[in-house]
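A short worksheet on the structure shown next.
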Amino acid sequence: MTEVQVYEQTRPLRIQVSGHLVKLVIVSGHSGSGKSVALHTLEDLGYYCIDNLPAGLLSALALELKQTSNPVEVAAVGIDARNLPQALQQFNDILARIETQDVKCEILFLTCDTDTLIKRFSETRRRHPLSNDQVSLAEAVAQEKALLEPIAKRADLFIDTSKTTIHQLRSLVQQRIEGGQKSRLSLSFQSFGYKHGIPTDVDFVFDARCLPNPHWLPELRPLTGRDLEVIQYLEGEILVKQMFQELCTFLDHWIPAFEDDNRSYLTIAIGCTGGQHRSVYLAERLAHYFEDRYPGVSTRHRELS
């Protein structure tokens, strides 16, 4: 896997175990998108992990976690397209059955664009679990996306791994899953460049291309929105100050509404032309503004990666 990028929605998954709260994370997604990396990351964080669990056994697992003599506080299971198709189609019913056991699930779904998935399988010469002599790799990728749609629709947190390295994916999983435990809502501010495409794994997208561009100043061009010279330049511009204040006002008003709706993850993306100066500056400032009220705040600069 050469490169691995982030989406969202949410509800925390907890099981009452003899007075102990148990968190259960369902890790799913497309083959080649980094599910194993995500599961191994959770395992390194102390989660009790099971890979490729049949979806129909989720209810039995929840019962086992509740009845074990050594209470498990955090657990994660991998569910993918190797499941029986009928089990995936009944995923909503399976979740509903778990909820009758006083269990709520948090679902992490890893996705990736089709071209990148095909490239990864071609480069590693791995066989896609759904491909065979009659089904091409491209057809297998399409079939898998259709099979996993019931899980994707219920996902709390999406991570698009199309433009992210394995190490970045590990960091993202750790920040979003573990960081979100510090508060009920995990906030992520992401910068990006429009010329590289709009991220598909975000809740809000704001366009900063109308602001004065440090790129046109030769001495600032090689720097980023985290460098003091760029910060001083942007803070001296009235339009930049105005956009920052209005973004704060907007998010101050609407973030609590998402909290009231029991959301656990929220990703806000700010874009400029190249994703190097204006968007980076705004993402950093917004993260700093909100970090006192939301301990689970993180930043990600897609193009600087």
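Within each chain, counting starts at residue 1; across the structure tokens, chains are named A, B, ... in the order shown, with ligands numbered 1 upward in that order.
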What lies within 12 Å of Glu219 (chain A) using only C-alpha atoms, ignoring chain neighbours under 6 positions off, as a PyMOL selection string?
chain A and resi 227+229-230+233
Could you pull the residues within 8 Å of Leu185 (chain A), counting only C-alpha atoms, minus those fewer than 2 positions along the same chain, as a PyMOL selection string?
chain A and resi 180+183+187+259+263-266+294+296
DSSP on the backbone, strand (DSSP E or B) only: what residues of region 59-217 of chain A does that give? Format it as a list in words.
Val74, Ala75, Ala76, Val77, Gly78, Val103, Glu106, Ile107, Leu108, Phe109, Leu110, Thr111, Leu157, Phe158, Ile159, Asp160, Ser186, Leu187, Ser188, Phe189, Gln190, Ser191, Phe192, Gly193, Phe204, Val205, Phe206 and Asp207 of chain A
For CA of Phe204 (chain A) and CA of Gln168 (chain A), determine how far apart the two atoms are, in Å to one decimal place.
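Between these atoms lies a distance of 21.6 Å.
Around Cys49 (chain A), within 8 Å and counting only C-alpha atoms, the residues found are A:Leu39, A:Leu42, A:Glu43, A:Ala75, A:Ala76, A:Val77, A:Gly78, once anything fewer than 5 positions away on its own chain is removed.
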CA of Ile50 (chain A) and CA of Ala152 (chain A), how far apart in Å?
19.4 Å
Residues within 9 Å of Cys112 (chain A), only C-alpha atoms, excluding chain neighbours under 6 positions, as a short mmCIF file (atom, residue, chain, number, x, y, z; two decimals) with N, CA and C atoms, in the first residue's frame:
```
data_model
loop_
_atom_site.label_atom_id
_atom_site.label_comp_id
_atom_site.auth_asym_id
_atom_site.auth_seq_id
_atom_site.Cartn_x
_atom_site.Cartn_y
_atom_site.Cartn_z
N VAL A 4 -2.16 6.24 1.47
CA VAL A 4 -3.41 6.05 2.12
C VAL A 4 -4.10 7.37 2.33
N GLN A 5 -6.17 9.23 2.69
CA GLN A 5 -6.70 10.55 3.15
C GLN A 5 -7.86 10.44 4.08
N GLY A 29 -14.59 -1.32 5.25
CA GLY A 29 -14.14 -0.53 4.11
C GLY A 29 -13.69 -1.40 2.96
N HIS A 30 -13.15 -0.75 1.96
CA HIS A 30 -12.77 -1.43 0.73
C HIS A 30 -11.43 -2.13 0.85
N GLY A 32 -7.83 -3.03 0.29
CA GLY A 32 -6.73 -2.21 -0.20
C GLY A 32 -6.78 -0.78 0.31
N SER A 33 -7.80 -0.45 1.13
CA SER A 33 -7.92 0.93 1.62
C SER A 33 -7.21 1.14 2.95
N ILE A 159 -12.63 7.62 6.46
CA ILE A 159 -11.26 8.02 6.15
C ILE A 159 -10.98 7.61 4.71
N ASP A 160 -10.73 8.61 3.87
CA ASP A 160 -10.37 8.36 2.48
C ASP A 160 -8.86 8.22 2.41
N THR A 161 -8.38 7.05 2.05
CA THR A 161 -6.94 6.78 2.07
C THR A 161 -6.28 6.97 0.71
N SER A 162 -6.97 7.63 -0.22
CA SER A 162 -6.44 7.78 -1.58
C SER A 162 -5.12 8.53 -1.61
N LYS A 163 -4.96 9.51 -0.70
CA LYS A 163 -3.77 10.38 -0.75
C LYS A 163 -3.05 10.42 0.58
#
```
Name the residues in contact with region 127-135 of chain A at a cut-off of 10 Å, using only C-alpha atoms, excluding same-chain residues fewer than 4 positions from it; report them as a PyMOL selection string.
chain A and resi 31-32+80-82+117-118+121-122+139-144
Using only C-alpha atoms, which protein or nucleic acid residues come within 10 Å of Tyr281 (chain A)? Drop anything in the same chain fewer than 4 positions from it, and give the result as a list in words.
Ser191, Thr224, Gly225, Arg226, Asp227, Val230, Ile231, Leu234, Glu235, Val240, Phe244, Ile270, Gly275, Gln276, His277, Arg285 and Leu286 of chain A
How would the residues just chosen look if you wrote them out with N, CA and C atoms as a PDB file, in the first residue's frame?
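Below you can see result_2.pdb, which holds the result:
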```pdb
ATOM      1  N   SER A 191      -6.860  21.477   5.812  1.00  0.00           N
ATOM      2  CA  SER A 191      -6.592  22.380   4.682  1.00  0.00           C
ATOM      3  C   SER A 191      -6.378  21.544   3.425  1.00  0.00           C
ATOM      4  N   THR A 224       4.839  28.350   4.228  1.00  0.00           N
ATOM      5  CA  THR A 224       3.485  27.824   4.399  1.00  0.00           C
ATOM      6  C   THR A 224       2.722  28.699   5.392  1.00  0.00           C
ATOM      7  N   GLY A 225       1.446  28.386   5.546  1.00  0.00           N
ATOM      8  CA  GLY A 225       0.606  29.140   6.465  1.00  0.00           C
ATOM      9  C   GLY A 225       0.952  28.948   7.925  1.00  0.00           C
ATOM     10  N   ARG A 226       1.934  28.117   8.222  1.00  0.00           N
ATOM     11  CA  ARG A 226       2.397  27.936   9.593  1.00  0.00           C
ATOM     12  C   ARG A 226       3.629  28.775   9.900  1.00  0.00           C
ATOM     13  N   ASP A 227       4.212  29.402   8.863  1.00  0.00           N
ATOM     14  CA  ASP A 227       5.409  30.225   9.050  1.00  0.00           C
ATOM     15  C   ASP A 227       5.035  31.633   9.483  1.00  0.00           C
ATOM     16  N   VAL A 230       4.288  34.423   6.835  1.00  0.00           N
ATOM     17  CA  VAL A 230       2.996  34.286   6.164  1.00  0.00           C
ATOM     18  C   VAL A 230       1.868  34.676   7.123  1.00  0.00           C
ATOM     19  N   ILE A 231       1.974  34.255   8.372  1.00  0.00           N
ATOM     20  CA  ILE A 231       0.967  34.595   9.371  1.00  0.00           C
ATOM     21  C   ILE A 231       0.851  36.106   9.523  1.00  0.00           C
ATOM     22  N   LEU A 234      -0.914  37.621   6.405  1.00  0.00           N
ATOM     23  CA  LEU A 234      -2.352  37.369   6.349  1.00  0.00           C
ATOM     24  C   LEU A 234      -3.108  38.106   7.455  1.00  0.00           C
ATOM     25  N   GLU A 235      -2.509  38.198   8.625  1.00  0.00           N
ATOM     26  CA  GLU A 235      -3.179  38.904   9.717  1.00  0.00           C
ATOM     27  C   GLU A 235      -3.239  40.409   9.493  1.00  0.00           C
ATOM     28  N   VAL A 240      -8.984  38.730   5.421  1.00  0.00           N
ATOM     29  CA  VAL A 240      -8.625  37.519   6.157  1.00  0.00           C
ATOM     30  C   VAL A 240      -9.235  37.558   7.556  1.00  0.00           C
ATOM     31  N   PHE A 244     -12.133  34.939   8.984  1.00  0.00           N
ATOM     32  CA  PHE A 244     -11.882  34.161  10.199  1.00  0.00           C
ATOM     33  C   PHE A 244     -12.983  34.399  11.229  1.00  0.00           C
ATOM     34  N   ILE A 270     -10.933  23.699   4.775  1.00  0.00           N
ATOM     35  CA  ILE A 270     -10.743  25.031   4.209  1.00  0.00           C
ATOM     36  C   ILE A 270      -9.787  24.885   3.031  1.00  0.00           C
ATOM     37  N   GLY A 275      -3.331  24.929  -1.379  1.00  0.00           N
ATOM     38  CA  GLY A 275      -3.355  24.281  -0.068  1.00  0.00           C
ATOM     39  C   GLY A 275      -2.085  24.487   0.724  1.00  0.00           C
ATOM     40  N   GLN A 276      -1.411  25.628   0.517  1.00  0.00           N
ATOM     41  CA  GLN A 276      -0.125  25.853   1.162  1.00  0.00           C
ATOM     42  C   GLN A 276      -0.126  27.036   2.123  1.00  0.00           C
ATOM     43  N   HIS A 277      -0.845  28.116   1.782  1.00  0.00           N
ATOM     44  CA  HIS A 277      -0.775  29.329   2.596  1.00  0.00           C
ATOM     45  C   HIS A 277      -2.075  29.649   3.329  1.00  0.00           C
ATOM     46  N   ARG A 285      -5.634  28.487  12.764  1.00  0.00           N
ATOM     47  CA  ARG A 285      -6.268  29.476  13.638  1.00  0.00           C
ATOM     48  C   ARG A 285      -7.594  28.977  14.184  1.00  0.00           C
ATOM     49  N   LEU A 286      -8.375  28.310  13.353  1.00  0.00           N
ATOM     50  CA  LEU A 286      -9.655  27.781  13.815  1.00  0.00           C
ATOM     51  C   LEU A 286      -9.444  26.677  14.854  1.00  0.00           C
TER      52      LEU A 286
END
```
